[in-house]
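Below is one structure, written out as structure tokens, with a few remarks after it.
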Amino acid sequence: MQSKSAIILAAALGLAAITAGAVFAQPLFASGVVQERGIADAARQGLTGFVKQNLAEYGVRLPDGFPLSVADGRELASLRLGRGFPVYSVNPQRLLAADADLSGLMAPTGSWRFVALSGSRPVGLVTVEKVEGRWQAIAFGAAELAKNVEAAQAGHAGQTRFLRVYQAQSDFLEVAQADGKPRFAALMSARETLSLKKQPALLDGADLIEPLRAAVRANLASFR
């Protein structure tokens, strides 16, 4: 479970991502190597600094609610950086429009996430964004999402993109298909929020529009 601070930070990132510029267009996990070396370097340096800081503060015994899914400081010290991917989102007003097409609405937010690994096991995500002109790691956590993304990616070979619909609190993988029509793997957050638990592994974007609209309307109304 994520700490309260991690949840608050994630919410803040979600609001910022609504208006973030479209910076990247690379597909998720296209080659397993991020094209912009500076982004991966920032993630690696951030993870190294995070590990050093927490080992110095806590030693072997980590506090309850630690944002990464590790047993203790010894496992924390062995972490390494895994694959990275850009985060895509959609504009909520455009999603609510009559002719909304989920794939067509996807735009990169400028935020990247990297899987932190203990051996081959995903234990969390490192979030990287550009701050005052420099790529920096700004958050660590989301252990369950890291496991979910890795499992979904393993189950859907080929070109994929990670989509987060912030106002619906729902995550997806857009999966390229041989027929040229992308379909969506709903990750755990989307299956729970949109009541999709009994739906097929891959869904047409058109089938997700109405559930997403309902969730977006409800969440936007709660802020009024």
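Every chain in the structure tokens takes a letter, A first, then B, and so on in the order presented; its residues are numbered from 1, and the ligands are numbered from 1 following the presented order.
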Which of stretch 16-136 of chain A DSSP labels strand (DSSP E or B), written as number ranges by chain: A: 28, 80-89, 107-118, 121-131, 134-136
Polymer residues at most 6 Å from stretch 80-88 of chain A, only C-alpha atoms, same-chain spacing of 3 or more positions, as a ChimeraX atom specification: /A:28,32,106-109,111-117,162-163
For the selection you just gave me, I'd like the residues written to a file as a compact mmCIF listing (two decimals), in the first residue's frame, keeping N, CA, C and O atoms.
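What landed in out_29.txt:
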```txt
# COMPACT_ATOMS: atom_id res chain seq x y z
N LEU A 28 5.43 2.46 -25.83
CA LEU A 28 5.88 1.82 -24.60
C LEU A 28 6.66 0.56 -24.91
O LEU A 28 6.22 -0.29 -25.67
N GLY A 32 12.79 -1.66 -25.36
CA GLY A 32 13.31 -1.87 -24.02
C GLY A 32 14.35 -0.84 -23.63
O GLY A 32 14.87 -0.88 -22.54
N MET A 106 -5.12 9.95 -27.08
CA MET A 106 -3.94 9.75 -26.25
C MET A 106 -2.82 10.72 -26.63
O MET A 106 -2.47 10.85 -27.79
N ALA A 107 -2.30 11.40 -25.62
CA ALA A 107 -1.18 12.33 -25.82
C ALA A 107 -0.19 12.15 -24.69
O ALA A 107 -0.58 11.96 -23.54
N PRO A 108 1.12 12.22 -24.99
CA PRO A 108 2.12 12.07 -23.93
C PRO A 108 2.08 13.24 -22.96
O PRO A 108 1.86 14.39 -23.36
N THR A 109 2.27 12.97 -21.70
CA THR A 109 2.20 13.99 -20.66
C THR A 109 3.55 14.66 -20.40
O THR A 109 3.61 15.69 -19.73
N SER A 111 5.77 12.96 -18.70
CA SER A 111 6.22 12.19 -17.54
C SER A 111 6.62 10.79 -17.99
O SER A 111 5.99 10.21 -18.87
N TRP A 112 7.71 10.28 -17.40
CA TRP A 112 8.16 8.91 -17.66
C TRP A 112 8.17 8.13 -16.36
O TRP A 112 8.35 8.71 -15.29
N ARG A 113 7.99 6.82 -16.47
CA ARG A 113 8.07 5.96 -15.30
C ARG A 113 8.99 4.79 -15.62
O ARG A 113 8.98 4.26 -16.74
N PHE A 114 9.79 4.41 -14.63
CA PHE A 114 10.74 3.31 -14.77
C PHE A 114 10.47 2.27 -13.69
O PHE A 114 10.20 2.63 -12.54
N VAL A 115 10.55 1.02 -14.07
CA VAL A 115 10.33 -0.06 -13.12
C VAL A 115 11.59 -0.27 -12.29
O VAL A 115 12.69 -0.38 -12.83
N ALA A 116 11.44 -0.29 -10.97
CA ALA A 116 12.54 -0.65 -10.07
C ALA A 116 12.45 -2.14 -9.80
O ALA A 116 11.37 -2.66 -9.48
N LEU A 117 13.57 -2.84 -9.94
CA LEU A 117 13.59 -4.29 -9.85
C LEU A 117 14.48 -4.78 -8.71
O LEU A 117 15.56 -4.23 -8.47
N PHE A 162 1.30 3.02 -22.48
CA PHE A 162 0.67 3.11 -21.16
C PHE A 162 -0.22 4.35 -21.11
O PHE A 162 0.22 5.46 -21.38
N LEU A 163 -1.48 4.14 -20.76
CA LEU A 163 -2.46 5.22 -20.68
C LEU A 163 -2.98 5.34 -19.26
O LEU A 163 -3.44 4.35 -18.68
```
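Non-sequential neighbours of A:Leu212 (distance at most 9 Å, separation of 3 or more positions within a chain, only C-alpha atoms) are Leu95, Leu96, Val165, Gln167, Ala168, Ser170, Leu194, Leu208, Ile209, Ala215, Val216 and Arg217 of chain A.
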For the interface of stretch 78-191 of chain A with stretch 52-62 of chain A (cut-off 12 Å, counting only C-alpha atoms), please tabulate each contacting residue of stretch 78-191 of chain A alongside its nearest pair of atoms and their separation in Å to one decimal, rows sorted by chain and increasing number, as JSON lines.
```
{"residue": "A:Ser78", "atom": "CA", "partner": "A:Lys52", "partner_atom": "CA", "distance": 11.2}
{"residue": "A:Leu79", "atom": "CA", "partner": "A:Lys52", "partner_atom": "CA", "distance": 11.2}
{"residue": "A:Phe140", "atom": "CA", "partner": "A:Asn54", "partner_atom": "CA", "distance": 12.0}
```
Please produce a file of those selected residues containing C-alpha atoms, as a short mmCIF file (atom, residue, chain, number, x, y, z; two decimals), in the first residue's frame.
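This is the output file again.cif:
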```cif
data_model
loop_
_atom_site.label_atom_id
_atom_site.label_comp_id
_atom_site.auth_asym_id
_atom_site.auth_seq_id
_atom_site.Cartn_x
_atom_site.Cartn_y
_atom_site.Cartn_z
CA SER A 78 20.31 -4.43 -4.40
CA LEU A 79 17.71 -2.63 -6.51
CA PHE A 140 9.07 6.58 -5.87
#
```
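Rounded to one decimal, atom CA of A:Ala206 and atom CA of A:Pro182 lie 10.8 Å from each other.
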Per DSSP on the backbone, what are the helix (DSSP H, G or I) residues of stretch 30-209 of chain A, as a PyMOL selection string? chain A and resi 37-58+73-76+92-95+102-105+143-155+166-168+188-193+205-209
Residues near A:Lys198, cut-off 12 Å, only C-alpha atoms, skip fewer than 5 positions along chain, as a ChimeraX atom specification: /A:186,188,191-192,203
Got time to write the residues from that selection, C-alpha atoms, as a compact mmCIF listing (two decimals), in the first residue's frame?
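This is the output file part.txt:
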```txt
# COMPACT_ATOMS: atom_id res chain seq x y z
CA ALA A 186 -7.47 -2.70 -18.53
CA MET A 188 -6.28 -3.43 -12.06
CA ARG A 191 -11.02 -3.02 -13.77
CA GLU A 192 -11.95 -1.97 -10.25
CA LEU A 203 -11.25 -4.40 -25.09
```
Distance query A:Phe184 at most 12 Å, only C-alpha atoms, self and fewer than 3 positions along chain excluded, as a ChimeraX atom specification: /A:102-103,152-153,156,159-164,170-177,181,187,190-191,196,199-209
What's the separation between atom CA of A:Asp41 and atom CA of A:Gly73, in Å to one decimal place?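 Spanning atom CA of A:Asp41 to atom CA of A:Gly73 is a straight-line distance of 23.1 Å.
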Would you mind telling me which residue in A:Ile39, A:Ala143, A:Ala137, A:Ala97 lies nearest to A:Pro67 when using only C-alpha atoms?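 Checking each candidate against A:Pro67, we get A:Ala143 as the closest.
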